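model.pdb (PDB, C-alpha atoms, pLDDT in the B column)
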```pdb
ATOM      1  CA  MET A1397     -70.327 -44.109 -30.833  1.00 72.00           C
ATOM      2  CA  ASN A1398     -67.015 -44.272 -28.972  1.00 87.00           C
ATOM      3  CA  GLU A1399     -63.731 -43.083 -30.491  1.00 88.00           C
ATOM      4  CA  SER A1400     -62.472 -46.567 -31.371  1.00 87.00           C
ATOM      5  CA  MET A1401     -65.694 -47.397 -33.189  1.00 92.00           C
ATOM      6  CA  ARG A1402     -65.582 -44.067 -35.045  1.00 93.00           C
ATOM      7  CA  ILE A1403     -62.002 -44.744 -36.171  1.00 94.00           C
ATOM      8  CA  ARG A1404     -62.875 -48.254 -37.375  1.00 93.00           C
ATOM      9  CA  GLU A1405     -65.933 -46.942 -39.216  1.00 95.00           C
ATOM     10  CA  ILE A1406     -63.910 -44.311 -41.066  1.00 96.00           C
ATOM     11  CA  LEU A1407     -61.096 -46.718 -41.906  1.00 96.00           C
ATOM     12  CA  ASP A1408     -63.563 -49.316 -43.162  1.00 95.00           C
ATOM     13  CA  HIS A1409     -66.068 -47.114 -44.992  1.00 96.00           C
ATOM     14  CA  GLY A1410     -64.746 -43.565 -45.176  1.00 96.00           C
ATOM     15  CA  ILE A1411     -63.511 -41.658 -48.175  1.00 97.00           C
ATOM     16  CA  THR A1412     -59.779 -41.649 -48.947  1.00 97.00           C
ATOM     17  CA  LYS A1413     -59.171 -38.163 -47.516  1.00 98.00           C
ATOM     18  CA  ASP A1414     -60.778 -39.098 -44.194  1.00 97.00           C
ATOM     19  CA  LYS A1415     -58.911 -42.411 -44.003  1.00 98.00           C
ATOM     20  CA  ILE A1416     -55.598 -40.615 -44.547  1.00 97.00           C
ATOM     21  CA  SER A1417     -56.444 -37.999 -41.931  1.00 97.00           C
ATOM     22  CA  ILE A1418     -57.287 -40.671 -39.353  1.00 97.00           C
ATOM     23  CA  LEU A1419     -54.150 -42.673 -40.158  1.00 97.00           C
ATOM     24  CA  GLU A1420     -52.007 -39.559 -39.718  1.00 96.00           C
ATOM     25  CA  SER A1421     -53.513 -39.059 -36.269  1.00 96.00           C
ATOM     26  CA  LEU A1422     -52.806 -42.653 -35.202  1.00 95.00           C
ATOM     27  CA  SER A1423     -49.036 -42.767 -35.683  1.00 93.00           C
ATOM     28  CA  GLN A1424     -48.459 -42.949 -31.922  1.00 95.00           C
ATOM     29  CA  SER A1425     -51.253 -45.330 -30.948  1.00 95.00           C
ATOM     30  CA  SER A1426     -50.402 -48.314 -28.785  1.00 94.00           C
ATOM     31  CA  ASP A1427     -53.930 -49.747 -28.813  1.00 94.00           C
ATOM     32  CA  GLN A1428     -53.764 -53.304 -30.187  1.00 94.00           C
ATOM     33  CA  GLU A1429     -57.142 -53.075 -31.899  1.00 94.00           C
ATOM     34  CA  ILE A1430     -56.200 -49.812 -33.607  1.00 95.00           C
ATOM     35  CA  ILE A1431     -52.743 -51.083 -34.656  1.00 97.00           C
ATOM     36  CA  ASN A1432     -54.301 -54.202 -36.153  1.00 97.00           C
ATOM     37  CA  LYS A1433     -56.835 -52.044 -38.020  1.00 97.00           C
ATOM     38  CA  ILE A1434     -53.985 -49.910 -39.399  1.00 98.00           C
ATOM     39  CA  ILE A1435     -52.227 -53.093 -40.533  1.00 98.00           C
ATOM     40  CA  THR A1436     -55.342 -54.116 -42.497  1.00 98.00           C
ATOM     41  CA  LYS A1437     -55.108 -50.800 -44.375  1.00 98.00           C
ATOM     42  CA  LEU A1438     -51.843 -52.065 -45.916  1.00 98.00           C
ATOM     43  CA  ASP A1439     -54.261 -53.782 -48.314  1.00 98.00           C
ATOM     44  CA  ASP A1440     -56.601 -50.835 -48.916  1.00 97.00           C
ATOM     45  CA  SER A1441     -57.830 -50.356 -52.487  1.00 96.00           C
ATOM     46  CA  GLU A1442     -56.315 -46.845 -52.533  1.00 97.00           C
ATOM     47  CA  ILE A1443     -52.530 -46.587 -52.799  1.00 97.00           C
ATOM     48  CA  GLU A1444     -52.531 -43.336 -50.818  1.00 97.00           C
ATOM     49  CA  VAL A1445     -54.210 -45.086 -47.897  1.00 98.00           C
ATOM     50  CA  ARG A1446     -51.759 -47.994 -48.086  1.00 98.00           C
ATOM     51  CA  GLY A1447     -48.882 -45.517 -48.027  1.00 98.00           C
ATOM     52  CA  GLU A1448     -50.269 -43.624 -45.055  1.00 98.00           C
ATOM     53  CA  ALA A1449     -50.850 -46.890 -43.161  1.00 98.00           C
ATOM     54  CA  PHE A1450     -47.220 -47.847 -43.854  1.00 98.00           C
ATOM     55  CA  SER A1451     -46.041 -44.432 -42.663  1.00 98.00           C
ATOM     56  CA  SER A1452     -48.189 -44.555 -39.530  1.00 98.00           C
ATOM     57  CA  LEU A1453     -46.759 -47.951 -38.577  1.00 98.00           C
ATOM     58  CA  PHE A1454     -43.188 -46.977 -39.415  1.00 97.00           C
ATOM     59  CA  LEU A1455     -43.324 -43.729 -37.433  1.00 97.00           C
ATOM     60  CA  ASN A1456     -44.945 -45.330 -34.391  1.00 97.00           C
ATOM     61  CA  LYS A1457     -42.416 -45.271 -31.528  1.00 96.00           C
ATOM     62  CA  ASN A1458     -44.384 -47.726 -29.380  1.00 96.00           C
ATOM     63  CA  ASP A1459     -43.548 -51.414 -29.184  1.00 95.00           C
ATOM     64  CA  ILE A1460     -45.862 -52.670 -31.923  1.00 97.00           C
ATOM     65  CA  SER A1461     -43.487 -55.341 -33.225  1.00 96.00           C
ATOM     66  CA  LYS A1462     -45.616 -58.246 -32.005  1.00 97.00           C
ATOM     67  CA  PHE A1463     -48.585 -57.010 -34.021  1.00 98.00           C
ATOM     68  CA  LEU A1464     -46.458 -56.590 -37.137  1.00 98.00           C
ATOM     69  CA  ILE A1465     -44.813 -59.999 -36.703  1.00 98.00           C
ATOM     70  CA  ASP A1466     -48.252 -61.562 -36.241  1.00 98.00           C
ATOM     71  CA  ALA A1467     -49.312 -59.880 -39.511  1.00 98.00           C
ATOM     72  CA  LEU A1468     -46.627 -61.878 -41.326  1.00 98.00           C
ATOM     73  CA  SER A1469     -48.974 -64.862 -40.920  1.00 97.00           C
ATOM     74  CA  SER A1470     -51.880 -63.125 -42.620  1.00 97.00           C
ATOM     75  CA  GLU A1471     -53.669 -64.800 -45.508  1.00 97.00           C
ATOM     76  CA  ASN A1472     -53.336 -61.518 -47.409  1.00 98.00           C
ATOM     77  CA  LYS A1473     -50.179 -61.152 -49.502  1.00 98.00           C
ATOM     78  CA  ASN A1474     -50.084 -57.341 -49.299  1.00 98.00           C
ATOM     79  CA  ILE A1475     -50.374 -57.378 -45.523  1.00 98.00           C
ATOM     80  CA  LYS A1476     -47.586 -59.957 -45.259  1.00 98.00           C
ATOM     81  CA  ALA A1477     -45.265 -58.205 -47.703  1.00 98.00           C
ATOM     82  CA  PHE A1478     -45.769 -54.660 -46.431  1.00 98.00           C
ATOM     83  CA  SER A1479     -45.566 -55.738 -42.778  1.00 98.00           C
ATOM     84  CA  ALA A1480     -42.159 -57.261 -43.573  1.00 98.00           C
ATOM     85  CA  LEU A1481     -41.033 -53.948 -45.056  1.00 98.00           C
ATOM     86  CA  VAL A1482     -42.365 -51.963 -42.096  1.00 98.00           C
ATOM     87  CA  LEU A1483     -40.453 -54.234 -39.718  1.00 98.00           C
ATOM     88  CA  ALA A1484     -37.257 -53.730 -41.722  1.00 98.00           C
ATOM     89  CA  ASN A1485     -37.677 -49.982 -41.847  1.00 97.00           C
ATOM     90  CA  ARG A1486     -38.231 -49.948 -38.091  1.00 97.00           C
ATOM     91  CA  GLY A1487     -34.949 -51.875 -37.692  1.00 96.00           C
ATOM     92  CA  ASP A1488     -36.664 -54.709 -35.844  1.00 96.00           C
ATOM     93  CA  VAL A1489     -34.018 -57.442 -35.704  1.00 95.00           C
ATOM     94  CA  ASN A1490     -36.323 -59.518 -33.478  1.00 95.00           C
ATOM     95  CA  ALA A1491     -38.428 -60.129 -36.591  1.00 97.00           C
ATOM     96  CA  MET A1492     -35.598 -61.919 -38.412  1.00 97.00           C
ATOM     97  CA  PRO A1493     -36.682 -65.500 -37.562  1.00 97.00           C
ATOM     98  CA  ALA A1494     -40.240 -64.814 -38.779  1.00 97.00           C
ATOM     99  CA  LEU A1495     -38.891 -63.084 -41.895  1.00 98.00           C
ATOM    100  CA  GLU A1496     -36.659 -66.090 -42.642  1.00 97.00           C
ATOM    101  CA  LEU A1497     -39.762 -68.292 -42.662  1.00 97.00           C
ATOM    102  CA  LEU A1498     -41.667 -65.777 -44.762  1.00 97.00           C
ATOM    103  CA  ALA A1499     -38.858 -65.688 -47.320  1.00 97.00           C
ATOM    104  CA  LYS A1500     -39.995 -69.188 -48.346  1.00 96.00           C
ATOM    105  CA  ASP A1501     -43.536 -67.986 -49.090  1.00 97.00           C
ATOM    106  CA  PRO A1502     -44.787 -69.325 -52.445  1.00 96.00           C
ATOM    107  CA  ASN A1503     -45.943 -65.851 -53.472  1.00 97.00           C
ATOM    108  CA  SER A1504     -42.954 -64.227 -55.182  1.00 97.00           C
ATOM    109  CA  MET A1505     -43.830 -60.714 -54.012  1.00 97.00           C
ATOM    110  CA  VAL A1506     -44.084 -61.816 -50.391  1.00 98.00           C
ATOM    111  CA  GLY A1507     -40.863 -63.828 -50.573  1.00 97.00           C
ATOM    112  CA  SER A1508     -39.011 -60.955 -52.245  1.00 98.00           C
ATOM    113  CA  CYS A1509     -40.186 -58.450 -49.632  1.00 98.00           C
ATOM    114  CA  ALA A1510     -39.172 -60.802 -46.826  1.00 98.00           C
ATOM    115  CA  LEU A1511     -35.729 -61.360 -48.380  1.00 98.00           C
ATOM    116  CA  GLY A1512     -35.253 -57.640 -48.894  1.00 97.00           C
ATOM    117  CA  ALA A1513     -36.279 -56.971 -45.306  1.00 98.00           C
ATOM    118  CA  LEU A1514     -33.845 -59.600 -44.043  1.00 97.00           C
ATOM    119  CA  GLU A1515     -30.961 -58.233 -46.082  1.00 96.00           C
ATOM    120  CA  TYR A1516     -31.692 -54.709 -44.896  1.00 96.00           C
ATOM    121  CA  LEU A1517     -31.781 -55.818 -41.252  1.00 96.00           C
ATOM    122  CA  ARG A1518     -28.593 -57.879 -41.618  1.00 95.00           C
ATOM    123  CA  ALA A1519     -26.755 -54.996 -43.280  1.00 94.00           C
ATOM    124  CA  ASN A1520     -27.798 -52.550 -40.566  1.00 87.00           C
ATOM    125  CA  LYS A1521     -27.095 -55.030 -37.785  1.00 78.00           C
ATOM    126  CA  THR A1522     -23.441 -55.286 -38.792  1.00 73.00           C
ATOM    127  CA  ALA A1523     -23.011 -51.579 -39.588  1.00 63.00           C
TER     128      ALA A1523
END
```
Once more with this new file: its structure as structure tokens, please.
Amino acid sequence: MNESMRIREILDHGITKDKISILESLSQSSDQEIINKIITKLDDSEIEVRGEAFSSLFLNKNDISKFLIDALSSENKNIKAFSALVLANRGDVNAMPALELLAKDPNSMVGSCALGALEYLRANKTA
């Protein structure tokens, strides 16, 4: 089993401790498949895993914005909402047009996260 397959297996079927350990180790990955797998963990059943996925994406210094912006189109409300917040925390002003569209999402949590992300980016853009 190659490393990518091992990572996916742990993130999909591992215990919480192992998922968190793997996510901690991936905070500097630029591999599209791995980044997209981390994004799916924003909807993990365990809050600790969701938090570590958020942290891993936020701390990643690579250009992963496209993957996060693409995640705003997910069918999953948690992935959409948390991706919006990751983009804001990363200071990604290029995400503003996609966040403006997402702010109209019928799910109140998603819309609120998108609006909060937009306001945060606007405030920091003018500061």
Report as JSON lines the residues of stretch 1444-1494 of chain A within 7 Å of stretch 1510-1519 of chain A, each with its shortest atom pair and distance in Å (one decimal), using only C-alpha atoms, ordered by chain and increasing residue number.
```
{"residue": "A:Ala1477", "atom": "CA", "partner": "A:Ala1510", "partner_atom": "CA", "distance": 6.7}
{"residue": "A:Ala1480", "atom": "CA", "partner": "A:Ala1510", "partner_atom": "CA", "distance": 5.7}
{"residue": "A:Leu1481", "atom": "CA", "partner": "A:Ala1513", "partner_atom": "CA", "distance": 5.6}
{"residue": "A:Ala1484", "atom": "CA", "partner": "A:Ala1513", "partner_atom": "CA", "distance": 4.9}
{"residue": "A:Gly1487", "atom": "CA", "partner": "A:Leu1517", "partner_atom": "CA", "distance": 6.2}
{"residue": "A:Val1489", "atom": "CA", "partner": "A:Leu1517", "partner_atom": "CA", "distance": 6.2}
{"residue": "A:Met1492", "atom": "CA", "partner": "A:Leu1514", "partner_atom": "CA", "distance": 6.3}
```
Next on the checklist: Residue by residue, what does the PyMOL selection byres ((chain A and resi 1432) around 12) grab here? Present the result as number ranges by chain.
Outcome noted: A: 1404, 1407, 1422, 1425-1431, 1433-1438, 1449, 1452-1453, 1460-1467, 1470, 1475, 1479
Checklist entry - Interatomic distance between atom CA of A:Ile1403 and atom CA of A:Asn1472? => result 22.0 Å
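Interatomic distance, atom CA of A:Asn1503 against atom CA of A:Lys1476: 10.2 Å.
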Checklist entry - atom CA of A:Ile1418 to atom CA of A:Val1445: how many Å, to one decimal? => result 10.1 Å
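Shortest separation to A:Leu1498 among A:Thr1412, A:Ser1469, A:Lys1521, A:Asp1440 occurs at residue A:Ser1469, atoms counted being only C-alpha atoms.
With distances restricted to all atoms listed in the file, A:Ser1504 is the closest residue to A:Lys1473 from A:Gln1424, A:Asn1458, A:Ser1504, A:Ser1441.
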Can you tell me, as lines of an AutoDock Vina configuration file, the centre and edge lengths (Å, one decimal) of the axis-aligned box enclosing all of stretch 1417-1422 of chain A's listed atoms after padding each side by 8 Å?
```
center_x = -54.6
center_y = -40.3
center_z = -38.6
size_x = 21.3
size_y = 20.7
size_z = 22.7
```
